[in-house]
>>> print(open('work.csv').read())   # CSV, C-alpha atoms and all ligand atoms
chain,number,residue,atom,x,y,z
A,4,ARG,CA,7.2,-12.4,10.1
A,5,ARG,CA,5.2,-15.2,8.7
A,6,HIS,CA,2.5,-13.2,7.0
A,7,VAL,CA,2.1,-9.6,5.9
A,8,LEU,CA,-1.5,-8.7,6.3
A,9,SER,CA,-1.5,-5.2,7.7
A,10,LEU,CA,1.0,-2.4,8.5
A,11,ALA,CA,-0.8,-1.7,11.9
A,12,ASP,CA,1.8,-3.5,13.9
A,13,PHE,CA,4.9,-2.7,11.9
A,14,SER,CA,7.7,-1.1,14.0
A,15,PRO,CA,10.1,1.6,12.7
A,16,ALA,CA,12.9,-1.1,12.7
A,17,GLU,CA,10.8,-3.4,10.5
A,18,TYR,CA,10.0,-0.6,8.1
A,19,ASP,CA,13.7,0.2,7.9
A,20,THR,CA,14.6,-3.5,7.2
A,21,VAL,CA,12.1,-3.5,4.3
A,22,LEU,CA,13.4,-0.1,2.9
A,23,GLN,CA,17.0,-1.1,3.1
A,24,THR,CA,16.4,-4.6,1.6
A,25,ALA,CA,14.4,-2.9,-1.2
A,26,ALA,CA,17.3,-0.5,-1.8
A,27,SER,CA,19.6,-3.5,-2.3
A,28,PHE,CA,17.2,-5.1,-4.8
A,29,ARG,CA,16.9,-1.8,-6.6
A,30,GLU,CA,20.7,-2.2,-7.3
A,31,VAL,CA,20.1,-5.7,-8.5
A,32,LEU,CA,17.4,-4.5,-10.9
A,33,SER,CA,19.9,-2.0,-12.3
A,34,THR,CA,22.3,-4.8,-13.4
A,35,ARG,CA,22.2,-6.6,-16.7
A,36,THR,CA,20.9,-9.9,-15.4
A,37,LYS,CA,18.4,-8.2,-13.0
A,38,LYS,CA,18.0,-11.5,-11.1
A,39,VAL,CA,19.2,-13.3,-8.0
A,40,PRO,CA,18.8,-17.0,-7.1
A,41,ALA,CA,17.4,-16.1,-3.6
A,42,LEU,CA,14.1,-18.0,-3.9
A,43,GLN,CA,15.0,-20.7,-6.4
A,44,GLY,CA,12.7,-23.7,-6.1
A,45,GLN,CA,10.0,-21.8,-4.2
A,46,VAL,CA,6.5,-21.4,-5.6
A,47,ILE,CA,4.7,-18.1,-5.3
A,48,THR,CA,1.0,-18.1,-6.1
A,49,ASN,CA,-0.9,-14.9,-7.0
A,50,LEU,CA,-4.5,-15.3,-6.0
A,51,PHE,CA,-6.2,-12.2,-7.3
A,52,PHE,CA,-10.0,-12.5,-6.8
A,53,GLU,CA,-10.3,-8.8,-7.7
A,54,SER,CA,-8.8,-7.0,-10.7
A,55,SER,CA,-5.3,-5.5,-10.7
A,56,THR,CA,-2.7,-4.2,-13.1
A,57,ARG,CA,0.2,-2.9,-11.0
A,58,THR,CA,0.1,-5.1,-7.9
A,59,ARG,CA,-0.4,-8.5,-9.7
A,60,SER,CA,2.3,-7.8,-12.4
A,61,SER,CA,4.7,-6.3,-9.9
A,62,PHE,CA,4.4,-9.3,-7.5
A,63,GLU,CA,4.9,-11.7,-10.4
A,64,LEU,CA,7.9,-9.8,-11.7
A,65,ALA,CA,9.4,-9.5,-8.2
A,66,ALA,CA,9.0,-13.3,-7.7
A,67,LYS,CA,10.7,-14.0,-11.1
A,68,ARG,CA,13.6,-11.6,-10.3
A,69,LEU,CA,14.1,-13.7,-7.1
A,70,SER,CA,14.1,-16.9,-9.3
A,71,ALA,CA,10.9,-18.3,-7.8
A,72,ASP,CA,8.3,-20.2,-9.8
A,73,THR,CA,5.0,-18.3,-10.1
A,74,LEU,CA,1.4,-19.4,-10.5
A,75,ASN,CA,-1.3,-16.9,-11.5
A,76,PHE,CA,-4.9,-17.7,-10.6
A,77,ALA,CA,-7.6,-16.1,-12.7
A,78,PRO,CA,-11.0,-16.3,-11.0
A,79,GLY,CA,-13.0,-16.1,-14.3
A,80,THR,CA,-11.5,-19.2,-15.7
A,81,SER,CA,-11.0,-21.1,-12.4
A,82,SER,CA,-13.1,-23.7,-10.6
A,83,LEU,CA,-14.5,-20.8,-8.5
A,84,THR,CA,-17.0,-20.5,-11.3
A,85,LYS,CA,-18.1,-24.1,-10.5
A,86,GLY,CA,-18.7,-23.3,-6.8
A,87,GLU,CA,-15.3,-24.2,-5.3
A,88,THR,CA,-14.7,-22.1,-2.2
A,89,ILE,CA,-11.9,-19.6,-1.6
A,90,LEU,CA,-10.4,-21.8,1.2
A,91,ASP,CA,-10.5,-24.9,-1.0
A,92,THR,CA,-8.9,-22.9,-3.8
A,93,ALA,CA,-6.1,-21.9,-1.5
A,94,LYS,CA,-5.7,-25.5,-0.2
A,95,THR,CA,-5.5,-26.7,-3.9
A,96,TYR,CA,-2.5,-24.4,-4.4
A,97,LEU,CA,-1.0,-25.5,-1.1
A,98,ALA,CA,-1.2,-29.1,-2.3
A,99,MET,CA,0.8,-28.1,-5.4
A,100,GLY,CA,3.7,-26.9,-3.2
A,101,THR,CA,3.0,-23.2,-2.9
A,102,ASP,CA,5.3,-21.5,-0.4
A,103,MET,CA,3.8,-18.0,-0.5
A,104,MET,CA,0.3,-16.8,-1.5
A,105,VAL,CA,-0.3,-13.2,-2.6
A,106,ILE,CA,-4.0,-12.5,-2.1
A,107,ARG,CA,-6.4,-9.7,-3.3
A,108,HIS,CA,-10.1,-9.7,-2.7
A,109,LYS,CA,-12.9,-7.2,-2.7
A,110,GLU,CA,-13.9,-8.2,0.8
A,111,ALA,CA,-11.8,-7.2,3.8
A,112,GLY,CA,-10.5,-10.2,5.8
A,113,VAL,CA,-10.0,-12.8,3.0
A,114,PRO,CA,-6.1,-12.8,3.2
A,115,GLN,CA,-6.5,-13.1,7.0
A,116,ALA,CA,-8.9,-16.0,6.7
A,117,ILE,CA,-6.5,-17.8,4.3
A,118,ALA,CA,-3.5,-17.1,6.6
A,119,GLN,CA,-5.5,-18.5,9.6
A,120,GLU,CA,-6.3,-21.6,7.6
A,121,MET,CA,-2.6,-22.1,6.6
A,122,ASP,CA,-1.6,-21.8,10.2
A,123,ARG,CA,-4.4,-24.2,11.4
A,124,LEU,CA,-3.1,-26.7,8.9
A,125,ASN,CA,0.4,-26.2,10.4
A,126,THR,CA,1.9,-25.3,7.0
A,127,HIS,CA,4.9,-23.1,6.3
A,128,VAL,CA,3.0,-21.0,3.8
A,129,GLY,CA,3.3,-17.2,4.1
A,130,VAL,CA,0.4,-15.0,3.1
A,131,LEU,CA,0.7,-11.4,1.7
A,132,ASN,CA,-2.3,-9.1,1.6
A,133,ALA,CA,-2.3,-7.5,-1.9
A,134,GLY,CA,-5.4,-5.4,-1.0
A,135,ASP,CA,-8.5,-6.5,0.8
A,136,GLY,CA,-11.7,-4.5,0.4
A,137,GLN,CA,-11.5,-1.2,2.3
A,138,HIS,CA,-9.1,-2.6,4.9
A,139,GLU,CA,-5.4,-2.5,3.9
A,140,HIS,CA,-2.9,-2.6,1.0
A,141,PRO,CA,0.4,-3.1,2.9
A,142,SER,CA,2.7,-3.5,-0.1
A,143,GLN,CA,1.3,-0.2,-1.6
A,144,GLY,CA,2.0,1.5,1.8
A,145,LEU,CA,5.5,0.2,1.8
A,146,LEU,CA,6.2,1.2,-1.8
A,147,ASP,CA,4.9,4.7,-1.1
A,148,LEU,CA,7.1,4.9,1.9
A,149,PHE,CA,10.1,3.7,-0.2
A,150,THR,CA,9.3,6.3,-2.9
A,151,LEU,CA,9.3,9.1,-0.4
A,152,CYS,CA,12.3,8.0,1.7
A,153,THR,CA,14.5,7.3,-1.3
A,154,LEU,CA,13.7,10.8,-2.6
A,155,LEU,CA,15.1,12.2,0.7
A,156,ASP,CA,18.1,9.8,0.8
A,157,HIS,CA,18.6,7.7,-2.3
A,158,ASP,CA,21.2,5.3,-0.8
A,159,TYR,CA,20.0,5.0,2.8
A,160,PRO,CA,16.2,5.2,2.9
A,161,ARG,CA,14.8,5.0,6.5
A,162,VAL,CA,11.5,6.1,8.1
A,163,ASP,CA,13.0,8.8,10.3
A,164,LEU,CA,13.6,10.9,7.2
A,165,LEU,CA,9.9,11.7,7.2
A,166,ARG,CA,9.7,13.0,10.8
A,167,GLY,CA,8.0,16.4,10.7
A,168,LYS,CA,7.3,16.4,7.0
A,169,LYS,CA,3.8,17.5,6.2
A,170,ILE,CA,1.9,14.9,4.1
A,171,ALA,CA,-1.6,15.6,2.7
A,172,ILE,CA,-3.7,12.5,1.8
A,173,VAL,CA,-6.6,13.7,-0.3
A,174,GLY,CA,-9.8,12.3,-1.6
A,175,ASP,CA,-11.9,9.1,-1.0
A,176,ILE,CA,-10.4,8.2,2.4
A,177,LEU,CA,-13.4,6.2,3.4
A,178,HIS,CA,-13.0,3.5,0.8
A,179,SER,CA,-9.3,3.6,0.5
A,180,ARG,CA,-7.2,0.6,1.8
A,181,VAL,CA,-4.2,2.6,0.5
A,182,ALA,CA,-4.9,5.5,2.9
A,183,ARG,CA,-5.3,3.1,5.8
A,184,SER,CA,-1.9,1.4,5.2
A,185,ASN,CA,-0.3,4.7,4.6
A,186,LEU,CA,-1.8,6.1,7.8
A,187,TRP,CA,0.0,3.4,9.8
A,188,SER,CA,3.4,3.9,8.1
A,189,LEU,CA,3.4,7.7,7.9
A,190,THR,CA,2.2,8.3,11.5
A,191,THR,CA,4.8,5.8,12.8
A,192,SER,CA,7.5,7.7,10.8
A,193,GLY,CA,6.6,10.9,12.7
A,194,ALA,CA,5.2,12.7,9.7
A,195,GLU,CA,2.5,15.3,10.1
A,196,VAL,CA,-0.4,13.7,8.3
A,197,HIS,CA,-3.4,15.7,7.1
A,198,LEU,CA,-6.5,14.0,5.6
A,199,ALA,CA,-8.7,16.0,3.3
A,200,GLY,CA,-11.9,14.9,1.5
A,201,PRO,CA,-15.6,15.6,1.2
A,202,PRO,CA,-17.6,14.7,4.4
A,203,THR,CA,-19.3,11.8,2.8
A,204,LEU,CA,-15.9,10.3,2.0
A,205,LEU,CA,-14.2,11.3,5.2
A,206,PRO,CA,-16.9,10.8,7.9
A,207,HIS,CA,-16.5,12.3,11.4
A,208,TRP,CA,-16.1,8.8,13.0
A,209,PHE,CA,-12.9,8.4,11.0
A,210,ALA,CA,-11.2,10.7,13.6
A,211,GLU,CA,-11.8,8.0,16.2
A,212,PHE,CA,-10.5,5.3,13.9
A,213,VAL,CA,-7.1,7.0,13.3
A,214,LYS,CA,-6.3,7.9,17.0
A,215,PRO,CA,-3.1,6.3,18.1
A,216,PRO,CA,-3.7,3.4,20.6
A,217,SER,CA,-4.5,4.7,24.1
A,218,LYS,CA,-2.9,3.4,27.2
A,219,LYS,CA,-5.1,2.0,29.9
A,220,ALA,CA,-4.1,2.4,33.5
A,221,GLY,CA,-1.4,-0.1,34.4
A,222,GLU,CA,-1.1,-1.4,30.8
A,223,GLN,CA,1.5,-0.8,28.2
A,224,ALA,CA,-0.4,0.1,25.1
A,225,ASN,CA,2.5,-0.6,22.7
A,226,PRO,CA,5.4,-2.8,23.7
A,227,THR,CA,7.8,-0.5,21.8
A,228,PRO,CA,6.6,3.1,22.6
A,229,GLN,CA,6.7,5.4,19.7
A,230,PRO,CA,6.4,8.9,21.2
A,231,SER,CA,6.6,10.6,17.8
A,232,ILE,CA,3.2,9.3,16.6
A,233,LEU,CA,0.8,12.2,16.0
A,234,PRO,CA,-2.8,11.6,15.1
A,235,PRO,CA,-3.7,12.9,11.6
A,236,THR,CA,-5.6,16.2,11.2
A,237,ILE,CA,-8.9,15.9,9.3
A,238,HIS,CA,-10.1,18.6,6.9
A,239,TRP,CA,-13.3,18.8,4.8
A,240,GLU,CA,-11.6,21.5,2.7
A,241,LEU,CA,-8.5,21.1,0.6
A,242,ASP,CA,-6.5,24.3,1.1
A,243,PRO,CA,-5.6,23.9,4.8
A,244,ALA,CA,-4.2,20.4,4.1
A,245,LEU,CA,-2.1,21.7,1.2
A,246,GLU,CA,-0.7,24.7,3.0
A,247,ASN,CA,3.1,24.3,3.1
A,248,ALA,CA,2.8,20.5,2.4
A,249,ASP,CA,5.9,18.5,1.5
A,250,PHE,CA,4.0,15.7,-0.3
A,251,VAL,CA,0.4,15.3,-1.6
A,252,MET,CA,-1.0,11.8,-1.9
A,253,THR,CA,-4.1,11.7,-4.1
A,254,LEU,CA,-6.5,8.7,-4.0
A,255,ARG,CA,-8.8,7.3,-6.6
A,256,LEU,CA,-12.6,7.8,-6.2
A,257,GLN,CA,-13.6,4.2,-5.7
A,258,LYS,CA,-16.9,4.3,-7.5
A,259,GLU,CA,-17.2,0.5,-7.4
A,260,ARG,CA,-17.4,0.7,-3.5
A,261,MET,CA,-19.9,3.6,-3.4
A,262,THR,CA,-23.6,3.7,-3.1
A,263,SER,CA,-24.9,6.3,-5.5
A,264,HIS,CA,-25.6,8.9,-2.8
A,265,LEU,CA,-21.9,9.0,-1.8
A,266,LEU,CA,-20.6,9.6,-5.4
A,267,PRO,CA,-20.0,13.3,-5.9
A,268,SER,CA,-20.3,14.7,-9.4
A,269,LEU,CA,-16.9,14.3,-10.9
A,270,ARG,CA,-16.8,17.9,-12.1
A,271,GLU,CA,-17.7,19.2,-8.6
A,272,TYR,CA,-15.2,16.8,-7.0
A,273,HIS,CA,-12.4,18.1,-9.3
A,274,GLN,CA,-13.3,21.7,-8.5
A,275,GLN,CA,-13.2,21.1,-4.7
A,276,PHE,CA,-10.5,18.4,-4.3
A,277,GLY,CA,-8.8,17.9,-7.6
A,278,ILE,CA,-5.0,18.5,-7.5
A,279,THR,CA,-3.8,21.0,-10.1
A,280,GLY,CA,-0.7,23.0,-10.7
A,281,ASP,CA,-2.4,26.1,-9.4
A,282,ARG,CA,-3.5,24.4,-6.2
A,283,LEU,CA,0.1,23.2,-5.6
A,284,GLN,CA,1.2,26.9,-5.2
A,285,ARG,CA,0.0,26.6,-1.6
A,286,CYS,CA,2.5,23.7,-0.9
A,287,LYS,CA,6.3,23.9,-0.5
A,288,PRO,CA,8.1,24.7,-3.8
A,289,SER,CA,9.7,21.2,-3.7
A,290,VAL,CA,6.3,19.4,-3.3
A,291,LYS,CA,5.8,16.1,-5.0
A,292,VAL,CA,2.5,14.3,-5.8
A,293,LEU,CA,1.7,10.6,-5.5
A,294,HIS,CA,-1.2,8.5,-6.6
A,295,PRO,CA,-1.4,4.7,-6.2
A,296,GLY,CA,-3.2,4.2,-9.5
A,297,PRO,CA,-5.3,3.5,-11.4
A,298,VAL,CA,-6.0,7.3,-11.9
A,299,ASN,CA,-9.3,8.8,-13.0
A,300,ARG,CA,-7.5,11.4,-15.2
A,301,GLY,CA,-8.7,14.9,-14.7
A,302,VAL,CA,-10.7,14.0,-11.6
A,303,GLU,CA,-8.3,13.4,-8.6
A,304,ILE,CA,-5.4,15.1,-10.4
A,305,SER,CA,-5.2,17.2,-13.6
A,306,SER,CA,-3.9,15.4,-16.6
A,307,GLU,CA,-1.0,17.9,-17.0
A,308,LEU,CA,0.2,17.4,-13.4
A,309,MET,CA,0.0,13.7,-13.6
A,310,ASP,CA,2.4,13.7,-16.5
A,311,ASP,CA,4.7,16.4,-15.2
A,312,PRO,CA,8.0,14.7,-14.1
A,313,ASP,CA,8.9,17.8,-11.9
A,314,PHE,CA,5.9,17.1,-9.6
A,315,SER,CA,4.5,13.6,-10.2
A,316,LEU,CA,6.0,10.5,-8.5
A,317,ILE,CA,3.4,8.1,-10.1
A,318,SER,CA,5.9,6.3,-12.3
A,319,GLN,CA,8.5,6.1,-9.6
A,320,GLN,CA,5.8,4.5,-7.3
A,321,VAL,CA,5.3,1.8,-9.9
A,322,THR,CA,9.0,1.3,-10.3
A,323,SER,CA,9.6,1.2,-6.6
A,324,GLY,CA,6.9,-1.5,-6.3
A,325,VAL,CA,9.1,-4.2,-7.9
A,326,ALA,CA,12.0,-3.7,-5.5
A,327,VAL,CA,9.8,-3.4,-2.5
A,328,ARG,CA,7.8,-6.6,-3.3
A,329,MET,CA,11.1,-8.4,-3.9
A,330,ALA,CA,12.2,-7.3,-0.4
A,331,LEU,CA,8.9,-8.5,1.1
A,332,LEU,CA,9.0,-11.9,-0.7
A,333,TYR,CA,12.7,-12.3,0.1
A,334,LEU,CA,12.3,-11.4,3.8
A,335,MET,CA,9.3,-13.7,4.2
A,336,GLY,CA,10.7,-16.5,2.0
A,337,SER,CA,14.4,-16.7,2.8
A,338,GLY,CA,13.8,-19.0,5.7
A,339,LYS,CA,11.6,-21.4,3.7
A,340,GLY,CA,12.2,-24.0,1.0
B,401,LIG,N1,-2.3,0.5,-6.8
B,401,LIG,C1,-2.9,-0.6,-7.1
B,401,LIG,O1,-3.2,-1.5,-6.2
B,401,LIG,O2,-3.2,-0.8,-8.5
B,401,LIG,P1,-3.8,-2.1,-9.1
B,401,LIG,O3,-5.2,-2.2,-8.7
B,401,LIG,O4,-3.6,-1.9,-10.6
B,401,LIG,O5,-3.0,-3.3,-8.6
>>> encode(input="work.csv", output="structure tokens", more="lines below")
Ligand code: CP
Amino acid sequence: RRHVLSLADFSPAEYDTVLQTAASFREVLSTRTKKVPALQGQVITNLFFESSTRTRSSFELAAKRLSADTLNFAPGTSSLTKGETILDTAKTYLAMGTDMMVIRHKEAGVPQAIAQEMDRLNTHVGVLNAGDGQHEHPSQGLLDLFTLCTLLDHDYPRVDLLRGKKIAIVGDILHSRVARSNLWSLTTSGAEVHLAGPPTLLPHWFAEFVKPPSKKAGEQANPTPQPSILPPTIHWELDPALENADFVMTLRLQKERMTSHLLPSLREYHQQFGITGDRLQRCKPSVKVLHPGPVNRGVEISSELMDDPDFSLISQQVTSGVAVRMALLYLMGSGKG
């Protein structure tokens, strides 16, 4: 595909292609040179209009491991501060020979708008959404999927390994682009997804949003039917979501996206929805905990649990991110240049 803007229309076969390509790059990363010449001569531009540690550095490292040249745009020191528009900024990087743009913005839809402009101008540029507002964070969804699937089969990760697994996604679902991307991938995999959070951060209308596409009379709702898709179950209490869970995904309280009346007291939130060693007793003994980061230590997850390698997959998620982003850049870029 030309652009990766959302996981909403990814098929199981496409997930498997990304997972298996990432597994190959994981092997490359374990060699002494850690590099392949796959995207030599290509230019990959990171356009991060919103702050990031993991995603920006991981995309940059992934591009370098593929031997591409990288450009990093920093909004605070750019001509954005002189009034240049986002689209003109993107066109400036296009004129320098950019082949792929990795875009993060606090508003939903900006990567889509740039992709549309690149298509309108008839360019070959591919656009990757690196997180847009509350909408989606596809590369995070894919690296979470890779982290889970490689735990179940290190050498041959594939989505069907998650069929029937109980996965609890806990916390600020309303503002989480990570939750939205994971909902698409995990429900497509056939996992049993449970969402848990306070009613202000998991409103009742969310149930409508997460229903699988319905089929109108005489119309095929999805060209590749996926009968295993189950709608997620919504809980306003934590315990039922944790009961017998295989995996628990915690989410950051996104204070920067909340009006003050939505923000629970952090102590109260931790008491009701914070993941601790005690709370994990309800889950399967083999349970593992994920968090996309950055973490509010002691709020979404206890500090001890976060650092406990028997339960926490947080470091593995970051490590997986490089191989998964190499796979994405490679699959999008190997036909270019
Ligand atoms: N998970 C994630 O997107 O982290 P950053 O904001 O640090 O990129």
>>> atom_distance(input="work.csv", atom1="atom CA of A:Leu245", atom2="atom CA of A:Glu259")
27.4 Å
>>> residues_near_ligand(input="work.csv", ligand="ligand LIG 401 (chain B)", cutoff="10 Å", atoms="all atoms listed in the file", output="PyMOL selection string")
chain A and resi 51+53-62+107+133-134+140-144+146+180-181+254-255+294-298+320-321+324
>>> residues_around(input="work.csv", residues="A:Leu64", least_positions_apart="6", cutoff="12 Å", atoms="all atoms listed in the file", output="list in words")
Leu32, Lys37, Lys38, Ile47, Asn49, Arg57, Thr58, Ser70, Ala71, Asp72, Thr73, Leu74, Asn75, Thr322, Gly324, Val325, Ala326, Val327, Arg328, Met329 and Leu332 of chain A
>>> closest_residue(input="work.csv", among="A:Glu30, A:Asp147, A:Asp122, A:Asp19", to="A:Ser323", atoms="all atoms listed in the file")
A:Asp147
>>> closest_residue(input="work.csv", among="A:Leu334, A:Ile237, A:Val7, A:Leu22", to="A:Glu211", atoms="only C-alpha atoms")
A:Ile237
>>> atom_distance(input="work.csv", atom1="atom CA of A:Phe250", atom2="atom CA of A:Glu195")
10.5 Å
>>> closest_residue(input="work.csv", among="A:Met335, A:Ala98, A:Cys286, A:Val31", to="A:Asp249", atoms="only C-alpha atoms")
A:Cys286
>>> atom_distance(input="work.csv", atom1="atom CA of A:Thr279", atom2="atom CA of A:Ile176")
19.1 Å
>>> residues_around(input="work.csv", residues="A:Lys168", least_positions_apart="2", cutoff="9 Å", atoms="only C-alpha atoms", output="count of residues only")
11
>>> residues_around(input="work.csv", residues="A:Leu124", least_positions_apart="5", cutoff="10 Å", atoms="only C-alpha atoms", output="list in words")
Lys94, Ala118 and Gln119 of chain A
>>> residues_near_point(input="work.csv", point="(-10.5, -22.1, 0.1)", cutoff="12 Å", atoms="all atoms listed in the file", output="count of residues only")
26
>>> closest_residue(input="work.csv", among="A:Val251, A:Leu283, A:Met104, A:Leu155", to="A:Val130", atoms="only C-alpha atoms")
A:Met104
>>> residues_around(input="work.csv", residues="A:Thr20", least_positions_apart="6", cutoff="12 Å", atoms="all atoms listed in the file", output="list in words")
Arg4, Phe13, Ser14, Ala26, Ser27, Leu145, Phe149, Tyr159, Pro160, Arg161, Val162, Val327, Ala330, Leu331, Tyr333, Leu334 and Met335 of chain A
>>> closest_residue(input="work.csv", among="A:Ile278, A:Pro267, A:Gln137, A:Asp156", to="A:Ala199", atoms="only C-alpha atoms")
A:Ile278
>>> closest_residue(input="work.csv", among="A:Leu204, A:Ala41, A:Ile232, A:Leu266", to="A:Leu177", atoms="all atoms listed in the file")
A:Leu204
>>> residues_near_point(input="work.csv", point="(-14.7, -4.4, 0.1)", cutoff="6 Å", atoms="all atoms listed in the file", output="ChimeraX atom specification")
/A:109-111,136-137
